[in-house]
Structures are given as structure tokens and as C-alpha cells.
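Engineer: This one is start_1.csv, CSV, C-alpha atoms.
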chain,number,residue,atom,x,y,z
N,1218,MET,CA,59.4,-59.3,-17.9
N,1219,VAL,CA,58.4,-56.1,-16.0
N,1220,ARG,CA,60.2,-53.9,-18.5
N,1221,ARG,CA,58.5,-55.6,-21.4
N,1222,LEU,CA,55.1,-55.3,-19.7
N,1223,SER,CA,55.7,-51.7,-18.9
N,1224,THR,CA,56.8,-51.0,-22.5
N,1225,PHE,CA,53.7,-52.8,-23.9
N,1226,VAL,CA,51.4,-50.9,-21.6
N,1227,SER,CA,53.1,-47.6,-22.5
N,1228,HIS,CA,52.8,-48.3,-26.2
N,1229,THR,CA,49.2,-49.4,-25.8
N,1230,MET,CA,48.5,-46.1,-24.1
N,1231,VAL,CA,50.0,-44.2,-27.0
N,1232,VAL,CA,47.8,-46.1,-29.4
N,1233,ALA,CA,44.7,-45.5,-27.3
N,1234,PHE,CA,45.5,-41.8,-27.0
N,1235,ILE,CA,45.9,-41.4,-30.8
N,1236,LEU,CA,42.7,-43.4,-31.5
N,1237,MET,CA,40.8,-41.3,-28.9
N,1238,LEU,CA,42.0,-38.1,-30.5
N,1239,LEU,CA,41.2,-39.4,-34.0
N,1240,ALA,CA,37.7,-40.4,-33.0
N,1241,SER,CA,37.1,-37.0,-31.3
N,1242,SER,CA,38.6,-35.1,-34.2
N,1243,LEU,CA,36.5,-36.9,-36.8
N,1244,GLN,CA,33.4,-36.1,-34.7
N,1245,ILE,CA,34.3,-32.4,-34.7
N,1246,VAL,CA,35.0,-32.4,-38.5
N,1247,THR,CA,31.9,-34.3,-39.5
N,1248,ARG,CA,29.6,-32.3,-37.2
N,1249,TYR,CA,30.8,-28.8,-38.0
N,1250,VAL,CA,32.2,-29.1,-41.5
N,1251,PHE,CA,29.8,-31.6,-43.1
N,1252,ARG,CA,26.9,-30.9,-40.7
N,1253,ALA,CA,26.4,-34.6,-40.3
N,1254,PRO,CA,27.6,-36.1,-36.9
N,1255,LEU,CA,29.5,-39.3,-37.2
N,1256,LEU,CA,27.6,-42.2,-35.5
N,1257,GLY,CA,29.5,-43.7,-32.6
N,1258,SER,CA,32.6,-41.6,-32.5
N,1259,GLU,CA,32.0,-40.5,-29.0
N,1260,GLU,CA,31.5,-44.1,-28.0
N,1261,LEU,CA,34.9,-45.0,-29.5
N,1262,ALA,CA,36.6,-42.0,-27.9
N,1263,ARG,CA,35.1,-43.1,-24.5
N,1264,LEU,CA,36.3,-46.7,-25.0
N,1265,PHE,CA,39.9,-45.6,-25.8
N,1266,GLY,CA,39.8,-43.1,-23.0
N,1267,VAL,CA,38.8,-45.7,-20.4
N,1268,TRP,CA,41.6,-47.9,-21.4
N,1269,LEU,CA,44.0,-45.0,-21.5
N,1270,TYR,CA,43.1,-43.9,-18.0
N,1271,PHE,CA,43.3,-47.3,-16.4
N,1272,LEU,CA,46.5,-48.3,-18.1
N,1273,GLY,CA,48.0,-45.0,-17.1
N,1274,ALA,CA,47.2,-45.7,-13.5
N,1275,SER,CA,49.3,-48.9,-13.8
N,1276,CYS,CA,52.2,-47.1,-15.3
N,1277,ALA,CA,52.1,-44.5,-12.6
N,1278,ILE,CA,52.4,-47.2,-10.0
N,1279,LEU,CA,55.6,-48.5,-11.4
N,1280,THR,CA,57.3,-45.1,-11.5
N,1281,ARG,CA,55.6,-43.9,-8.3
N,1282,GLU,CA,54.1,-40.9,-10.0
N,1283,HIS,CA,50.7,-41.0,-8.3
N,1284,ILE,CA,49.6,-38.0,-6.4
N,1285,THR,CA,50.7,-38.4,-2.8
N,1286,ILE,CA,50.5,-36.5,0.5
N,1287,ASP,CA,54.0,-36.8,1.6
N,1288,ILE,CA,54.3,-34.3,4.6
N,1289,VAL,CA,54.9,-37.1,7.1
N,1290,TYR,CA,56.9,-39.2,4.6
N,1291,LEU,CA,59.5,-36.5,3.9
N,1292,ALA,CA,59.8,-35.6,7.6
N,1293,VAL,CA,61.0,-39.1,8.7
N,1294,ARG,CA,64.3,-40.9,8.2
N,1295,PRO,CA,65.0,-43.1,5.2
N,1296,ALA,CA,64.4,-46.3,7.1
N,1297,ALA,CA,60.9,-45.1,8.0
N,1298,GLN,CA,60.3,-44.0,4.5
N,1299,ARG,CA,61.2,-47.5,3.3
N,1300,LEU,CA,58.7,-48.9,5.8
N,1301,PHE,CA,56.0,-46.5,4.6
N,1302,ARG,CA,56.7,-47.6,1.0
N,1303,LEU,CA,56.4,-51.3,1.8
N,1304,LEU,CA,53.3,-50.8,3.9
N,1305,THR,CA,51.7,-48.7,1.2
N,1306,ASP,CA,52.6,-51.2,-1.5
N,1307,ALA,CA,51.1,-54.1,0.7
N,1308,LEU,CA,47.8,-52.2,1.1
N,1309,LEU,CA,47.7,-51.5,-2.6
N,1310,ILE,CA,48.3,-55.2,-3.4
N,1311,VAL,CA,45.3,-56.1,-1.2
N,1312,PHE,CA,43.2,-53.4,-2.8
N,1313,ASN,CA,44.2,-54.3,-6.4
N,1314,ALA,CA,43.7,-58.0,-5.7
N,1315,ILE,CA,40.1,-57.2,-4.8
N,1316,LEU,CA,39.8,-55.0,-7.9
N,1317,LEU,CA,41.1,-57.9,-10.0
N,1318,VAL,CA,38.6,-60.4,-8.7
N,1319,GLU,CA,35.6,-58.1,-8.6
N,1320,GLY,CA,36.5,-56.3,-11.9
N,1321,THR,CA,36.7,-59.7,-13.6
N,1322,LYS,CA,33.3,-60.6,-12.2
N,1323,TYR,CA,31.9,-57.3,-13.5
N,1324,ALA,CA,33.5,-57.7,-16.9
N,1325,LEU,CA,32.0,-61.2,-17.3
N,1326,PHE,CA,28.6,-59.9,-16.1
N,1327,SER,CA,28.7,-56.9,-18.5
N,1328,HIS,CA,29.5,-59.1,-21.5
N,1329,ASN,CA,25.7,-59.6,-22.1
N,1330,PHE,CA,25.1,-55.9,-22.4
N,1331,GLU,CA,25.8,-53.9,-25.6
N,1332,SER,CA,27.0,-50.4,-26.2
N,1333,ALA,CA,24.5,-48.0,-27.8
N,1334,SER,CA,26.0,-47.3,-31.2
N,1335,PHE,CA,28.3,-50.1,-32.2
N,1336,ARG,CA,26.7,-52.8,-30.1
N,1337,PHE,CA,30.1,-53.7,-28.6
N,1338,PRO,CA,29.8,-55.9,-25.6
N,1339,MET,CA,30.2,-53.6,-22.6
N,1340,SER,CA,32.8,-56.0,-21.3
N,1341,LEU,CA,35.3,-54.2,-23.6
N,1342,PHE,CA,34.9,-51.2,-21.4
N,1343,ALA,CA,34.8,-53.1,-18.1
N,1344,ALA,CA,37.8,-55.3,-18.9
N,1345,ALA,CA,40.1,-52.2,-18.4
N,1346,LEU,CA,39.7,-52.5,-14.7
N,1347,PRO,CA,40.9,-56.1,-14.1
N,1348,VAL,CA,43.6,-55.7,-16.8
N,1349,SER,CA,44.9,-52.6,-15.0
N,1350,ALA,CA,44.7,-54.3,-11.6
N,1351,ALA,CA,46.7,-57.2,-12.9
N,1352,CYS,CA,49.4,-54.9,-14.3
N,1353,ILE,CA,49.4,-53.0,-11.0
N,1354,LEU,CA,49.9,-56.2,-9.1
N,1355,VAL,CA,52.9,-57.2,-11.2
N,1356,PHE,CA,54.4,-53.7,-10.9
N,1357,LEU,CA,53.8,-53.6,-7.2
N,1358,ALA,CA,55.4,-57.0,-6.7
N,1359,TYR,CA,58.4,-55.9,-8.6
N,1360,SER,CA,58.7,-52.6,-6.7
N,1361,MET,CA,58.4,-54.4,-3.4
N,1362,TRP,CA,61.0,-57.0,-4.5
N,1363,GLN,CA,63.4,-54.2,-5.4
N,1364,GLU,CA,62.7,-52.4,-2.1
N,1365,LEU,CA,63.4,-55.5,-0.1
N,1366,ARG,CA,66.6,-56.2,-2.1
N,1367,GLY,CA,67.8,-52.7,-1.4
N,1368,ALA,CA,67.7,-51.7,-5.0
N,1369,SER,CA,65.6,-48.8,-6.1
N,1370,ALA,CA,62.7,-49.4,-8.4
N,1371,PRO,CA,62.5,-47.2,-11.5
N,1372,GLY,CA,61.1,-43.8,-10.5
N,1373,ALA,CA,61.4,-44.5,-6.8
N,1374,ARG,CA,62.1,-41.5,-4.5
What do you get writing this file as C-alpha cells?

Structural biologist:
Amino acid sequence: MVRRLSTFVSHTMVVAFILMLLASSLQIVTRYVFRAPLLGSEELARLFGVWLYFLGASCAILTREHITIDIVYLAVRPAAQRLFRLLTDALLIVFNAILLVEGTKYALFSHNFESASFRFPMSLFAAALPVSAACILVFLAYSMWQELRGASAPGAR
């Protein structure tokens, strides 16, 4: 299940990146070649960018590729490193559980507001936060389970 979710998130990120590039490129071409800016292209690029960034954060959790300060981590024995990983993951679970709840509230609240150009509900932008937090929770639970079993999660140090 985790592999499927990870694959789905990765493919969604690729699609969001391509669509963000397309929207930005169309804006450049229409503005500088045709001298007529394309209405709403920056809004679309921002929408795809928001989803790309938040989904990327969830993928980085699974592979442990987030930026870390590991001076103390690398200086201790493997048993202490394992304890650090478990403690960090537990704190991240608490933080992302809060993000999931509060992000869902915010996405529901922002549904009544519209974007400037296309009149999309702003919840399309805000929904990236709770979706990302939910993916992160799944990936963290999997990483912790692997750590407790003694197996290494994908991308673990």
C-alpha cells in the first residue's frame, strides 16, 4: 500500500510539475510573442506549484531526504541514532496530525472563497496541506514500523 501511495504521489508530482511549466511557458509566449498576456496562467502555475511542493514534502519524508542537522546524530552509536529516528518520527506524527486536522478545517473554510481569475474555490489550494499531512502520516507510520521491526525503510540512513 505504501509503495502504491508513494508511486501515485510521485506521478502526481510529475504531472503537477509539467502543468506548472506549461502554464508558465504559455504565459511567457503569449505575453512576449503575441503581446497579450494569458488570463489566469499564473494562477494555474501557483495551484500546481502548491500541490507540487506539499506532495514533495511527503515523498521526502518516506526517503528521509529532508534537510537535517546531523552533527549529533552522526556522532552517536547506531542504537542512539535509531532512538533519534524514532523520537523524530513520533514528533513529526504529532505535528502532522495537527496539520491534518487544522488543514482540513482551513480547506473547508476556504471553500467559500474564490480565486481571482478562474473563480476556483480556494479550497483547491488549501487542500494540499491536509492531503500532504495524511500522506506524511502514512509514510511515517511505515518508517516507524520498519524501524521497530529492524528493517530499514527506503532511503533510510

Engineer: Between N:Ser1275, N:Thr1280, N:Ser1223, N:Thr1229, which one has atoms that come closest to N:Ser1360, using all atoms listed in the file?

Structural biologist: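 Using all atoms listed in the file, the shortest distance to N:Ser1360 belongs to N:Thr1280.
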
Engineer: So, counting all atoms listed in the file, which residue among N:Val1289, N:Ala1277, N:Met1230, N:Ala1358 is closest to N:Leu1308?

Structural biologist: N:Ala1358

Engineer: If we count all atoms listed in the file and set the cut-off at 9 Å, which residues sit around N:Leu1269, ignoring sequence neighbours fewer than 6 positions away in its own chain? Please answer as a tab-separated table (two decimals) with C-alpha atoms, keeping the file's coordinate frame.

Structural biologist:
chain	number	residue	atom	x	y	z
N	1229	THR	CA	49.20	-49.40	-25.80
N	1230	MET	CA	48.50	-46.10	-24.10
N	1231	VAL	CA	50.00	-44.20	-27.00
N	1232	VAL	CA	47.80	-46.10	-29.40
N	1233	ALA	CA	44.70	-45.50	-27.30
N	1234	PHE	CA	45.50	-41.80	-27.00
N	1237	MET	CA	40.80	-41.30	-28.90
N	1345	ALA	CA	40.10	-52.20	-18.40

Engineer: Would you list the contacts of N:Ala1274 as a PyMOL selection string, taking every protein, DNA or RNA residue within 10 Å and counting only C-alpha atoms, but skipping same-chain residues closer than 5 positions in sequence?

Structural biologist: chain N and resi 1268-1269+1279+1282-1283+1349-1350+1352-1353

Engineer: Rounded to one decimal in Å, what is the spacing between atom CA of N:Leu1239 and atom CA of N:Ala1324?

Structural biologist: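 Taking atom CA of N:Leu1239 and atom CA of N:Ala1324, their separation equals 26.2 Å.
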
Engineer: What's around N:Tyr1323 at 10 Å? Count only C-alpha atoms, leave out sequence neighbours fewer than 5 positions away in its own chain, and write the answer as a list in words.

Structural biologist: Leu1316, Leu1317, Val1318, His1328, Met1339, Ser1340, Ala1343, Ala1344, Leu1346 and Pro1347 of chain N

Engineer: What does the distance from atom CA of N:Val1226 to atom CA of N:Ile1245 come to in Å, to one decimal?

Structural biologist: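 It comes out at 28.4 Å.
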
Engineer: Just the residues within 8 Å of N:Leu1357, please, counting all atoms listed in the file, with nothing from its chain fewer than 2 positions along; format it as number ranges by chain.

Structural biologist: N: 1278-1279, 1306, 1309-1310, 1353-1355, 1359-1361

Engineer: Using all atoms listed in the file for the distances, tell me which of N:Met1218, N:Leu1341, N:Leu1365, N:Ala1262 is nearest to N:Arg1302.

Structural biologist: N:Leu1365

Engineer: Kindly complete stretch 1324-1348 of chain N to N, CA and C atoms; the output should be written as a PDB file, in the frame of the given file.

Structural biologist:
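Result file follows (rebuild.pdb):
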ATOM      1  N   ALA N1324      33.266 -57.587 -15.463  1.00  0.00           N
ATOM      2  CA  ALA N1324      33.500 -57.700 -16.900  1.00  0.00           C
ATOM      3  C   ALA N1324      32.760 -58.862 -17.507  1.00  0.00           C
ATOM      4  N   LEU N1325      32.772 -59.979 -16.813  1.00  0.00           N
ATOM      5  CA  LEU N1325      32.000 -61.200 -17.300  1.00  0.00           C
ATOM      6  C   LEU N1325      30.532 -60.903 -17.286  1.00  0.00           C
ATOM      7  N   PHE N1326      30.056 -60.246 -16.239  1.00  0.00           N
ATOM      8  CA  PHE N1326      28.600 -59.900 -16.100  1.00  0.00           C
ATOM      9  C   PHE N1326      28.213 -58.962 -17.245  1.00  0.00           C
ATOM     10  N   SER N1327      29.031 -57.970 -17.520  1.00  0.00           N
ATOM     11  CA  SER N1327      28.700 -56.900 -18.500  1.00  0.00           C
ATOM     12  C   SER N1327      28.813 -57.398 -19.942  1.00  0.00           C
ATOM     13  N   HIS N1328      29.306 -58.599 -20.153  1.00  0.00           N
ATOM     14  CA  HIS N1328      29.500 -59.100 -21.500  1.00  0.00           C
ATOM     15  C   HIS N1328      28.114 -59.252 -22.233  1.00  0.00           C
ATOM     16  N   ASN N1329      27.062 -59.456 -21.484  1.00  0.00           N
ATOM     17  CA  ASN N1329      25.700 -59.600 -22.100  1.00  0.00           C
ATOM     18  C   ASN N1329      25.053 -58.330 -22.465  1.00  0.00           C
ATOM     19  N   PHE N1330      25.654 -57.204 -22.101  1.00  0.00           N
ATOM     20  CA  PHE N1330      25.100 -55.900 -22.400  1.00  0.00           C
ATOM     21  C   PHE N1330      25.850 -55.287 -23.587  1.00  0.00           C
ATOM     22  N   GLU N1331      25.149 -54.502 -24.408  1.00  0.00           N
ATOM     23  CA  GLU N1331      25.800 -53.900 -25.600  1.00  0.00           C
ATOM     24  C   GLU N1331      25.855 -52.414 -25.488  1.00  0.00           C
ATOM     25  N   SER N1332      26.860 -51.852 -26.146  1.00  0.00           N
ATOM     26  CA  SER N1332      27.000 -50.400 -26.200  1.00  0.00           C
ATOM     27  C   SER N1332      25.907 -49.860 -27.159  1.00  0.00           C
ATOM     28  N   ALA N1333      25.622 -48.586 -27.036  1.00  0.00           N
ATOM     29  CA  ALA N1333      24.500 -48.000 -27.800  1.00  0.00           C
ATOM     30  C   ALA N1333      24.690 -47.952 -29.276  1.00  0.00           C
ATOM     31  N   SER N1334      25.823 -47.479 -29.732  1.00  0.00           N
ATOM     32  CA  SER N1334      26.000 -47.300 -31.200  1.00  0.00           C
ATOM     33  C   SER N1334      26.506 -48.466 -31.925  1.00  0.00           C
ATOM     34  N   PHE N1335      27.621 -49.007 -31.481  1.00  0.00           N
ATOM     35  CA  PHE N1335      28.300 -50.100 -32.200  1.00  0.00           C
ATOM     36  C   PHE N1335      27.877 -51.481 -31.766  1.00  0.00           C
ATOM     37  N   ARG N1336      27.122 -51.556 -30.697  1.00  0.00           N
ATOM     38  CA  ARG N1336      26.700 -52.800 -30.100  1.00  0.00           C
ATOM     39  C   ARG N1336      27.881 -53.703 -29.705  1.00  0.00           C
ATOM     40  N   PHE N1337      28.955 -53.017 -29.245  1.00  0.00           N
ATOM     41  CA  PHE N1337      30.100 -53.700 -28.600  1.00  0.00           C
ATOM     42  C   PHE N1337      29.611 -54.316 -27.330  1.00  0.00           C
ATOM     43  N   PRO N1338      30.151 -55.464 -26.932  1.00  0.00           N
ATOM     44  CA  PRO N1338      29.800 -55.900 -25.600  1.00  0.00           C
ATOM     45  C   PRO N1338      30.451 -54.934 -24.569  1.00  0.00           C
ATOM     46  N   MET N1339      29.702 -54.601 -23.549  1.00  0.00           N
ATOM     47  CA  MET N1339      30.200 -53.600 -22.600  1.00  0.00           C
ATOM     48  C   MET N1339      31.381 -54.170 -21.781  1.00  0.00           C
ATOM     49  N   SER N1340      31.666 -55.450 -21.926  1.00  0.00           N
ATOM     50  CA  SER N1340      32.800 -56.000 -21.300  1.00  0.00           C
ATOM     51  C   SER N1340      34.131 -55.416 -21.860  1.00  0.00           C
ATOM     52  N   LEU N1341      34.073 -54.871 -23.071  1.00  0.00           N
ATOM     53  CA  LEU N1341      35.300 -54.200 -23.600  1.00  0.00           C
ATOM     54  C   LEU N1341      35.625 -52.977 -22.779  1.00  0.00           C
ATOM     55  N   PHE N1342      34.629 -52.297 -22.253  1.00  0.00           N
ATOM     56  CA  PHE N1342      34.900 -51.200 -21.400  1.00  0.00           C
ATOM     57  C   PHE N1342      35.297 -51.678 -19.985  1.00  0.00           C
ATOM     58  N   ALA N1343      34.552 -52.626 -19.455  1.00  0.00           N
ATOM     59  CA  ALA N1343      34.800 -53.100 -18.100  1.00  0.00           C
ATOM     60  C   ALA N1343      36.061 -53.880 -17.925  1.00  0.00           C
ATOM     61  N   ALA N1344      36.581 -54.462 -18.998  1.00  0.00           N
ATOM     62  CA  ALA N1344      37.800 -55.300 -18.900  1.00  0.00           C
ATOM     63  C   ALA N1344      39.028 -54.414 -18.565  1.00  0.00           C
ATOM     64  N   ALA N1345      38.939 -53.112 -18.759  1.00  0.00           N
ATOM     65  CA  ALA N1345      40.100 -52.200 -18.400  1.00  0.00           C
ATOM     66  C   ALA N1345      40.422 -52.319 -16.955  1.00  0.00           C
ATOM     67  N   LEU N1346      39.416 -52.488 -16.098  1.00  0.00           N
ATOM     68  CA  LEU N1346      39.700 -52.500 -14.700  1.00  0.00           C
ATOM     69  C   LEU N1346      40.484 -53.746 -14.236  1.00  0.00           C
ATOM     70  N   PRO N1347      40.077 -54.974 -14.563  1.00  0.00           N
ATOM     71  CA  PRO N1347      40.900 -56.100 -14.100  1.00  0.00           C
ATOM     72  C   PRO N1347      42.259 -56.173 -14.823  1.00  0.00           C
ATOM     73  N   VAL N1348      42.329 -55.735 -16.070  1.00  0.00           N
ATOM     74  CA  VAL N1348      43.600 -55.700 -16.800  1.00  0.00           C
ATOM     75  C   VAL N1348      44.575 -54.764 -16.072  1.00  0.00           C
TER      76      VAL N1348
END
